[in-house]
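Shown here: input.csv, CSV, C-alpha atoms.
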chain,number,residue,atom,x,y,z
A,9,MET,CA,0.0,0.0,0.0
A,10,LYS,CA,1.2,3.5,-0.8
A,11,ALA,CA,0.2,6.7,1.0
A,12,SER,CA,0.7,10.4,0.4
A,13,VAL,CA,0.7,12.8,3.3
A,14,ILE,CA,-0.2,16.4,2.3
A,15,VAL,CA,1.9,19.1,3.9
A,16,PHE,CA,0.2,22.5,4.3
A,17,PRO,CA,2.0,25.6,5.8
A,18,GLY,CA,1.4,25.0,9.5
A,19,SER,CA,0.9,21.2,9.4
A,20,ASN,CA,2.8,19.8,12.4
A,21,CYS,CA,1.8,16.1,12.6
A,22,ASP,CA,2.9,15.3,9.0
A,23,ARG,CA,6.2,13.6,9.9
A,24,ASP,CA,4.7,11.8,12.9
A,25,VAL,CA,2.0,10.3,10.7
A,26,LYS,CA,4.6,9.3,8.1
A,27,ILE,CA,6.5,7.4,10.8
A,28,SER,CA,3.4,5.6,11.9
A,29,LEU,CA,2.3,4.7,8.4
A,30,GLU,CA,5.8,3.3,7.6
A,31,LYS,CA,6.0,1.4,10.9
A,32,PHE,CA,3.0,-0.5,9.7
A,33,GLY,CA,4.3,-1.2,6.2
A,34,ILE,CA,2.8,1.6,4.2
A,35,LYS,CA,5.2,3.3,1.8
A,36,THR,CA,4.7,7.1,2.3
A,37,SER,CA,5.6,10.2,0.4
A,38,MET,CA,5.2,13.8,1.5
A,39,VAL,CA,3.3,16.1,-0.9
A,40,TRP,CA,3.5,19.9,-0.8
A,41,HIS,CA,0.1,21.7,-0.9
A,42,ALA,CA,1.1,23.7,-3.9
A,43,ASP,CA,1.9,20.6,-6.0
A,44,THR,CA,-0.6,19.9,-8.8
A,45,LYS,CA,0.1,16.2,-9.1
A,46,LEU,CA,-0.6,13.5,-6.6
A,47,PRO,CA,1.9,10.6,-6.7
A,48,LYS,CA,0.2,7.2,-7.3
A,49,SER,CA,-1.4,6.5,-3.9
A,50,ASP,CA,-3.9,4.1,-2.3
A,51,LEU,CA,-4.4,6.5,0.6
A,52,VAL,CA,-4.1,10.3,1.1
A,53,VAL,CA,-3.6,11.5,4.7
A,54,LEU,CA,-4.4,15.1,5.7
A,55,PRO,CA,-2.3,15.5,8.9
A,56,GLY,CA,-3.0,17.5,12.0
A,57,GLY,CA,-1.6,20.9,12.7
A,58,PHE,CA,-2.6,24.5,12.2
A,59,SER,CA,-2.8,25.0,8.5
A,60,TYR,CA,-2.6,28.7,7.6
A,61,GLY,CA,-2.6,29.5,11.3
A,62,ASP,CA,-6.3,28.6,11.5
A,63,TYR,CA,-7.0,31.9,9.7
A,64,LEU,CA,-10.7,32.5,8.7
A,65,ARG,CA,-11.9,29.1,9.9
A,66,CYS,CA,-9.8,26.0,10.7
A,67,GLY,CA,-9.0,24.2,7.5
A,68,SER,CA,-10.8,26.6,5.2
A,69,ILE,CA,-7.8,28.0,3.3
A,70,ALA,CA,-6.1,24.6,3.1
A,71,SER,CA,-9.3,23.2,1.6
A,72,LYS,CA,-8.8,25.5,-1.4
A,73,SER,CA,-5.2,24.7,-2.0
A,74,LYS,CA,-4.1,23.3,-5.4
A,75,ILE,CA,-3.4,19.7,-4.3
A,76,MET,CA,-7.0,19.5,-2.9
A,77,LYS,CA,-8.3,19.3,-6.5
A,78,GLU,CA,-6.3,16.1,-6.9
A,79,VAL,CA,-7.4,14.8,-3.5
A,80,MET,CA,-11.1,15.3,-4.7
A,81,ILE,CA,-10.4,13.3,-7.8
A,82,HIS,CA,-8.7,10.6,-5.8
A,83,SER,CA,-11.7,10.4,-3.4
A,84,LYS,CA,-14.2,10.4,-6.3
A,85,LYS,CA,-12.5,7.2,-7.6
A,86,GLY,CA,-13.3,5.6,-4.3
A,87,ALA,CA,-9.7,5.6,-3.0
A,88,LEU,CA,-9.0,6.2,0.7
A,89,VAL,CA,-8.6,9.6,2.4
A,90,MET,CA,-8.0,10.1,6.1
A,91,GLY,CA,-8.0,13.5,7.8
A,92,ILE,CA,-6.7,13.7,11.4
A,93,CYS,CA,-7.6,16.7,13.5
A,94,ASN,CA,-6.8,19.7,11.3
A,95,GLY,CA,-7.1,17.2,8.4
A,96,PHE,CA,-10.7,16.4,9.5
A,97,GLN,CA,-11.4,20.2,9.5
A,98,VAL,CA,-10.0,20.4,6.0
A,99,LEU,CA,-12.3,17.5,4.9
A,100,VAL,CA,-15.5,19.2,6.2
A,101,GLU,CA,-14.4,22.6,4.7
A,102,SER,CA,-13.9,20.9,1.3
A,103,GLN,CA,-17.2,19.1,1.7
A,104,LEU,CA,-15.7,15.7,1.4
A,105,LEU,CA,-17.4,15.1,4.7
A,106,PRO,CA,-20.7,16.6,6.0
A,107,GLY,CA,-21.0,19.0,8.9
A,108,VAL,CA,-18.5,21.3,10.5
A,109,LEU,CA,-16.1,21.5,13.4
A,110,ILE,CA,-16.7,24.6,15.6
A,111,ARG,CA,-15.0,26.0,18.8
A,112,ASN,CA,-15.0,23.6,21.8
A,113,ILE,CA,-18.0,24.3,24.0
A,114,ASN,CA,-15.8,25.3,26.9
A,115,LEU,CA,-13.7,27.7,24.7
A,116,LYS,CA,-10.5,25.8,25.8
A,117,PHE,CA,-7.8,24.1,23.8
A,118,ILE,CA,-8.0,20.5,25.0
A,119,CYS,CA,-4.9,18.3,25.0
A,120,LYS,CA,-5.5,14.9,26.8
A,121,ASN,CA,-6.0,11.2,26.4
A,122,VAL,CA,-9.6,10.3,25.8
A,123,THR,CA,-11.5,7.1,25.3
A,124,VAL,CA,-13.5,6.5,22.2
A,125,LYS,CA,-16.0,3.8,21.3
A,126,VAL,CA,-15.6,2.2,17.9
A,127,THR,CA,-19.3,2.4,16.8
A,128,ASN,CA,-18.5,1.1,13.3
A,129,ASN,CA,-15.7,-1.4,12.7
A,130,LYS,CA,-16.8,-2.3,9.2
A,131,THR,CA,-14.8,0.5,7.6
A,132,ASN,CA,-11.5,0.5,5.7
A,133,PHE,CA,-10.1,2.4,8.7
A,134,THR,CA,-11.3,0.4,11.7
A,135,SER,CA,-11.5,-3.2,10.4
A,136,LYS,CA,-8.8,-4.4,12.9
A,137,THR,CA,-10.8,-3.1,15.9
A,138,LYS,CA,-13.7,-4.9,17.6
A,139,ARG,CA,-17.2,-3.4,17.3
A,140,ASN,CA,-18.1,-1.3,20.3
A,141,SER,CA,-14.6,-1.7,21.7
A,142,VAL,CA,-13.1,1.2,23.7
A,143,ILE,CA,-9.7,2.6,22.6
A,144,GLU,CA,-7.6,5.4,24.2
A,145,ILE,CA,-6.2,8.0,21.9
A,146,PRO,CA,-5.1,11.6,22.6
A,147,ILE,CA,-6.9,14.7,21.3
A,148,ALA,CA,-5.4,18.1,21.0
A,149,HIS,CA,-7.7,20.8,19.5
A,150,ASN,CA,-9.5,24.0,20.0
A,151,GLU,CA,-12.2,23.4,17.3
A,152,GLY,CA,-13.4,19.8,17.5
A,153,ASN,CA,-17.0,20.4,18.4
A,154,TYR,CA,-18.8,18.5,15.6
A,155,PHE,CA,-22.0,20.2,14.4
A,156,ALA,CA,-24.5,19.4,11.7
A,157,SER,CA,-28.2,19.8,11.0
A,158,LYS,CA,-30.6,17.2,12.4
A,159,ASP,CA,-31.2,15.8,8.9
A,160,ILE,CA,-27.4,15.2,8.4
A,161,ILE,CA,-27.1,13.6,11.9
A,162,ASN,CA,-30.0,11.3,11.0
A,163,GLU,CA,-28.4,10.4,7.8
A,164,LEU,CA,-25.1,9.7,9.5
A,165,GLU,CA,-26.8,7.4,11.9
A,166,ASP,CA,-29.0,5.6,9.3
A,167,ASN,CA,-25.9,4.9,7.1
A,168,ASN,CA,-23.6,3.9,10.0
A,169,GLN,CA,-21.3,6.8,9.2
A,170,ILE,CA,-20.5,7.5,12.8
A,171,VAL,CA,-17.3,5.6,13.5
A,172,LEU,CA,-15.9,6.9,16.7
A,173,GLN,CA,-17.7,8.4,19.7
A,174,TYR,CA,-16.3,9.9,22.9
A,175,CYS,CA,-17.2,7.6,25.8
A,176,ASP,CA,-16.2,6.8,29.4
A,177,ALA,CA,-13.7,4.0,30.2
A,178,SER,CA,-16.6,1.4,30.2
A,179,GLY,CA,-17.8,2.5,26.8
A,180,ASN,CA,-20.8,4.6,27.9
A,181,ILE,CA,-21.5,7.5,25.7
A,182,THR,CA,-22.2,10.2,28.3
A,183,GLU,CA,-22.2,14.0,28.5
A,184,GLN,CA,-19.4,13.8,31.0
A,185,SER,CA,-17.2,11.9,28.5
A,186,ASN,CA,-17.8,14.5,25.8
A,187,PRO,CA,-14.8,16.8,25.9
A,188,ASN,CA,-15.8,19.4,23.3
A,189,GLY,CA,-19.6,19.5,22.9
A,190,SER,CA,-19.8,17.4,19.7
A,191,ILE,CA,-23.3,16.3,18.8
A,192,LYS,CA,-23.8,12.6,19.6
A,193,ASN,CA,-20.2,12.6,21.1
A,194,ILE,CA,-18.9,12.3,17.5
A,195,ALA,CA,-15.1,11.9,17.3
A,196,GLY,CA,-14.9,10.4,13.8
A,197,ILE,CA,-17.1,9.9,10.8
A,198,VAL,CA,-16.9,8.4,7.3
A,199,ASN,CA,-18.6,9.6,4.1
A,200,LYS,CA,-21.5,7.6,2.7
A,201,ARG,CA,-19.3,5.6,0.4
A,202,GLY,CA,-17.0,4.8,3.3
A,203,ASN,CA,-13.7,5.8,1.7
A,204,VAL,CA,-13.2,9.2,3.4
A,205,PHE,CA,-12.6,9.2,7.2
A,206,GLY,CA,-12.2,12.2,9.4
A,207,LEU,CA,-11.3,12.0,13.1
A,208,MET,CA,-10.3,14.4,15.8
A,209,PRO,CA,-8.2,12.0,17.9
A,210,HIS,CA,-4.5,11.5,16.9
A,211,PRO,CA,-3.9,7.8,16.2
A,212,GLU,CA,-0.2,8.6,15.3
A,213,ARG,CA,0.3,9.8,18.9
A,214,ALA,CA,-0.8,6.4,20.2
A,215,SER,CA,1.1,4.0,18.0
A,216,ASP,CA,4.3,3.3,19.9
A,217,GLU,CA,4.8,2.1,23.5
A,218,LEU,CA,7.2,5.0,24.0
A,219,LEU,CA,4.3,7.3,23.5
A,220,GLY,CA,2.3,5.6,26.2
A,221,GLY,CA,-0.2,3.7,24.2
A,222,MET,CA,-0.7,1.5,21.1
A,223,ASP,CA,-4.4,1.8,20.5
A,224,GLY,CA,-3.9,4.2,17.6
A,225,SER,CA,-2.0,1.5,15.7
A,226,LEU,CA,-5.2,-0.4,15.2
A,227,ILE,CA,-6.2,2.3,12.7
A,228,PHE,CA,-3.0,2.0,10.8
A,229,LYS,CA,-3.2,-1.8,10.8
A,230,SER,CA,-6.7,-1.6,9.4
A,231,LEU,CA,-5.6,0.4,6.4
A,232,LYS,CA,-4.2,-2.7,4.6
B,10,MET,CA,-15.5,50.1,-5.1
B,11,LYS,CA,-15.4,49.2,-1.4
B,12,LEU,CA,-17.6,46.4,-0.2
B,13,GLN,CA,-18.4,45.3,3.3
B,14,VAL,CA,-19.1,41.6,4.0
B,15,ILE,CA,-20.6,40.6,7.4
B,16,VAL,CA,-20.5,36.9,8.3
B,17,THR,CA,-22.5,35.8,11.4
B,18,LEU,CA,-23.4,32.4,12.9
B,19,LYS,CA,-26.9,31.1,12.1
B,20,LYS,CA,-29.4,31.6,14.8
B,21,ASP,CA,-29.6,27.9,15.8
B,22,VAL,CA,-25.9,27.5,16.1
B,23,LEU,CA,-24.4,27.9,19.6
B,24,ASP,CA,-22.1,30.9,19.9
B,25,PRO,CA,-19.9,30.2,23.1
B,26,GLN,CA,-17.7,33.1,22.3
B,27,GLY,CA,-20.7,35.5,22.1
B,28,SER,CA,-22.0,34.1,25.4
B,29,ALA,CA,-18.6,34.7,27.1
B,30,ILE,CA,-18.4,38.3,25.7
B,31,LYS,CA,-22.0,38.9,26.9
B,32,ASN,CA,-21.2,37.6,30.4
B,33,SER,CA,-18.1,39.7,30.6
B,34,LEU,CA,-20.0,42.9,29.6
B,35,SER,CA,-22.7,42.0,32.2
B,36,ASN,CA,-19.9,41.6,34.8
B,37,MET,CA,-18.6,45.1,33.8
B,38,GLY,CA,-21.9,46.6,34.6
B,39,PHE,CA,-23.5,46.7,31.1
B,40,LYS,CA,-27.0,45.5,32.2
B,41,ASN,CA,-30.0,44.5,30.2
B,42,ILE,CA,-28.1,42.8,27.3
B,43,GLU,CA,-30.7,40.4,25.9
B,44,SER,CA,-28.4,38.6,23.4
B,45,LEU,CA,-25.0,39.0,21.9
B,46,ARG,CA,-23.8,37.2,18.8
B,47,GLN,CA,-20.3,37.7,17.4
B,48,GLY,CA,-19.3,37.6,13.8
B,49,LYS,CA,-16.7,38.7,11.2
B,50,THR,CA,-16.5,41.7,8.8
B,51,PHE,CA,-14.4,41.9,5.7
B,52,GLU,CA,-13.7,45.1,3.8
B,53,ILE,CA,-12.9,44.3,0.2
B,54,ILE,CA,-11.9,46.8,-2.5
B,55,VAL,CA,-12.6,45.6,-6.0
B,56,LYS,CA,-11.7,47.1,-9.4
B,57,GLU,CA,-15.3,47.3,-10.5
B,58,LYS,CA,-17.5,50.3,-11.2
B,59,ASP,CA,-20.8,48.5,-11.6
B,60,GLU,CA,-22.3,47.9,-8.1
B,61,LYS,CA,-24.5,45.0,-9.1
B,62,VAL,CA,-21.5,43.2,-10.6
B,63,ALA,CA,-19.3,43.9,-7.5
B,64,LEU,CA,-22.0,42.7,-5.1
B,65,SER,CA,-22.5,39.5,-7.1
B,66,LYS,CA,-18.8,38.9,-7.0
B,67,ALA,CA,-18.8,39.4,-3.2
B,68,LYS,CA,-21.6,36.9,-2.8
B,69,ASP,CA,-19.7,34.4,-4.8
B,70,MET,CA,-16.7,35.0,-2.5
B,71,CYS,CA,-18.9,34.3,0.5
B,72,GLU,CA,-20.3,31.1,-0.8
B,73,LYS,CA,-17.0,29.8,-1.9
B,74,LEU,CA,-14.7,30.8,1.0
B,75,LEU,CA,-15.7,33.6,3.4
B,76,ALA,CA,-18.7,31.9,5.0
B,77,ASN,CA,-19.4,28.2,5.8
B,78,LEU,CA,-23.0,28.0,4.9
B,79,THR,CA,-23.6,25.0,7.2
B,80,ILE,CA,-23.3,27.3,10.2
B,81,GLU,CA,-23.0,30.9,8.9
B,82,ASP,CA,-25.1,33.6,7.1
B,83,TYR,CA,-23.6,36.5,5.2
B,84,SER,CA,-24.6,39.9,4.0
B,85,VAL,CA,-22.9,42.2,1.5
B,86,LYS,CA,-23.2,45.9,0.8
B,87,ALA,CA,-21.3,48.6,-1.1
B,88,ILE,CA,-19.8,51.4,1.0
B,89,LYS,CA,-20.0,54.9,-0.5
B,90,GLU,CA,-17.1,57.1,0.5

Any chance you could give the structure as structure tokens?
Amino acid sequence: MKASVIVFPGSNCDRDVKISLEKFGIKTSMVWHADTKLPKSDLVVLPGGFSYGDYLRCGSIASKSKIMKEVMIHSKKGALVMGICNGFQVLVESQLLPGVLIRNINLKFICKNVTVKVTNNKTNFTSKTKRNSVIEIPIAHNEGNYFASKDIINELEDNNQIVLQYCDASGNITEQSNPNGSIKNIAGIVNKRGNVFGLMPHPERASDELLGGMDGSLIFKSLK
Amino acid sequence: MKLQVIVTLKKDVLDPQGSAIKNSLSNMGFKNIESLRQGKTFEIIVKEKDEKVALSKAKDMCEKLLANLTIEDYSVKAIKE
């Protein structure tokens, strides 16, 4: 499997995600946002960070960059796209995923380990996890509060597009375990076709024992 | 021609920043504030003499970049100087 990691001005998890992808056998190249050609890839990763300093709205300016046209074509073919944190924000701004990520309800930047429930393990991104299992992965964001209209939320539920939900250690989806105010405790979703995945937690920060956890590696292992 | 674009959150979208600003003003002694919503303004100068054309360009800018229509509304007007 081959992956391309898109690097925007202000991306800062691009190299971490490359290390994780390669650790699990995925050959990875870095692609600059101003490039107009995407190398042959099975997977495109939009990494975490603060593209364009979060100006205007997080991910909005990056979503209009030249390489995103190629990413759109890549996704329309049904090939895989994964956006982590700022990458998830870029995916909603480019309308590859529905909804939007707004300011955390408590107005604070939140950086901590959270537990999330794998609500859907039948995706290309979660096939190595068990359904309804609880995994621990860090989050680090200021705008991770998932918002969408009722119709869109209903559609997400009807099509099993909600993949990860913030939960307590026993897997209960509660208000207390919702760090940022997201509707339905949403931490990660896929598009209807199932080839585009956006998530706020950082699996690359939980894919080595040295980092204090390996749960994120399940996502990278699923990608094969 | 100078244009002013105002982007605000839709009514049914929570505005935690607006609430925090409202609370702060209340604490400072500004009483009787019923509601406070924050937003963004953009001043755009375009090389265009026809107001209708300029406004339609600004609307296009809003729909493509300046506003996220899932959560935001926008208004545009020409500013006479």

Near Cys119 (chain A), counting only C-alpha atoms, which residues have an atom at most 7 Å away, once you skip same-chain residues fewer than 6 positions from it, shown as a ChimeraX atom specification?
/A:147-149

Write out as a tab-separated table the residues of chain A that have any atom within 8 Å of an atom of chain B, one row each with the nearest atom pair and its distance in Å to one decimal, counting all atoms listed in the file, sorted by chain and then rising number.
residue	atom	partner	partner_atom	distance
A:Leu64	CA	B:Leu75	CA	7.4
A:Ser68	CA	B:Leu74	CA	7.1
A:Ile69	CA	B:Leu74	CA	7.8
A:Glu101	CA	B:Asn77	CA	7.6
A:Gly107	CA	B:Thr79	CA	6.8
A:Val108	CA	B:Thr79	CA	7.1
A:Arg111	CA	B:Pro25	CA	7.8
A:Ile113	CA	B:Pro25	CA	6.3
A:Asn114	CA	B:Pro25	CA	7.4
A:Leu115	CA	B:Pro25	CA	6.9
A:Ala156	CA	B:Thr79	CA	7.2
A:Ser157	CA	B:Thr79	CA	7.9

Among the residues B:Gln47, B:Lys89, B:Asn32, B:Asn41, the one that comes closest to Lys19 (chain B) [using all atoms listed in the file]:
B:Gln47

If we count all atoms listed in the file, what is near Ile197 (chain A) at a cut-off of 6 Å, once residues fewer than 4 positions away on the same chain are taken out, given as a list in words?
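Surrounding residues, per the criterion: Gln169, Ile170, Val171, Phe205 and Gly206 of chain A.
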
Suppose you want the space between CA of Glu78 (chain A) and CA of Asn94 (chain A); what is it in Å?
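Interatomic distance, CA of Glu78 (chain A) to CA of Asn94 (chain A): 18.6 Å.
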
Give as a CSV table (one decimal) with C-alpha atoms, keeping the file's coordinate frame every residue, naming chains and numbers as the document does, that has an atom within 7 Å of (-5.5, 4.5, 24.2), counting all atoms listed in the file.
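Final file, out-v8.csv:
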chain,number,residue,atom,x,y,z
A,123,THR,CA,-11.5,7.1,25.3
A,143,ILE,CA,-9.7,2.6,22.6
A,144,GLU,CA,-7.6,5.4,24.2
A,145,ILE,CA,-6.2,8.0,21.9
A,214,ALA,CA,-0.8,6.4,20.2
A,221,GLY,CA,-0.2,3.7,24.2
A,222,MET,CA,-0.7,1.5,21.1
A,223,ASP,CA,-4.4,1.8,20.5
A,224,GLY,CA,-3.9,4.2,17.6

Atomic separation - CA of Ile15 (chain B) relative to CA of Arg46 (chain B), Å
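Taking CA of Arg46 (chain B) and CA of Ile15 (chain B), their separation equals 12.3 Å.
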
Residues at most 7 Å from Glu212 (chain A), counting all atoms listed in the file, excluding those fewer than 5 positions away in the same chain, as JSON, numbers by chain?
{"A": [24, 25, 28, 224]}

Give me, as a PDB file with C-alpha atoms, in the frame of the given file, all polymer residues having an atom no more than 8 Å from Lys31 (chain B), counting all atoms listed in the file and skipping those fewer than 2 positions away in the same chain.
ATOM      1  CA  GLY B  27     -20.700  35.500  22.100  1.00  0.00           C
ATOM      2  CA  SER B  28     -22.000  34.100  25.400  1.00  0.00           C
ATOM      3  CA  ALA B  29     -18.600  34.700  27.100  1.00  0.00           C
ATOM      4  CA  SER B  33     -18.100  39.700  30.600  1.00  0.00           C
ATOM      5  CA  LEU B  34     -20.000  42.900  29.600  1.00  0.00           C
ATOM      6  CA  SER B  35     -22.700  42.000  32.200  1.00  0.00           C
ATOM      7  CA  ILE B  42     -28.100  42.800  27.300  1.00  0.00           C
ATOM      8  CA  SER B  44     -28.400  38.600  23.400  1.00  0.00           C
ATOM      9  CA  LEU B  45     -25.000  39.000  21.900  1.00  0.00           C
TER      10      LEU B  45
END
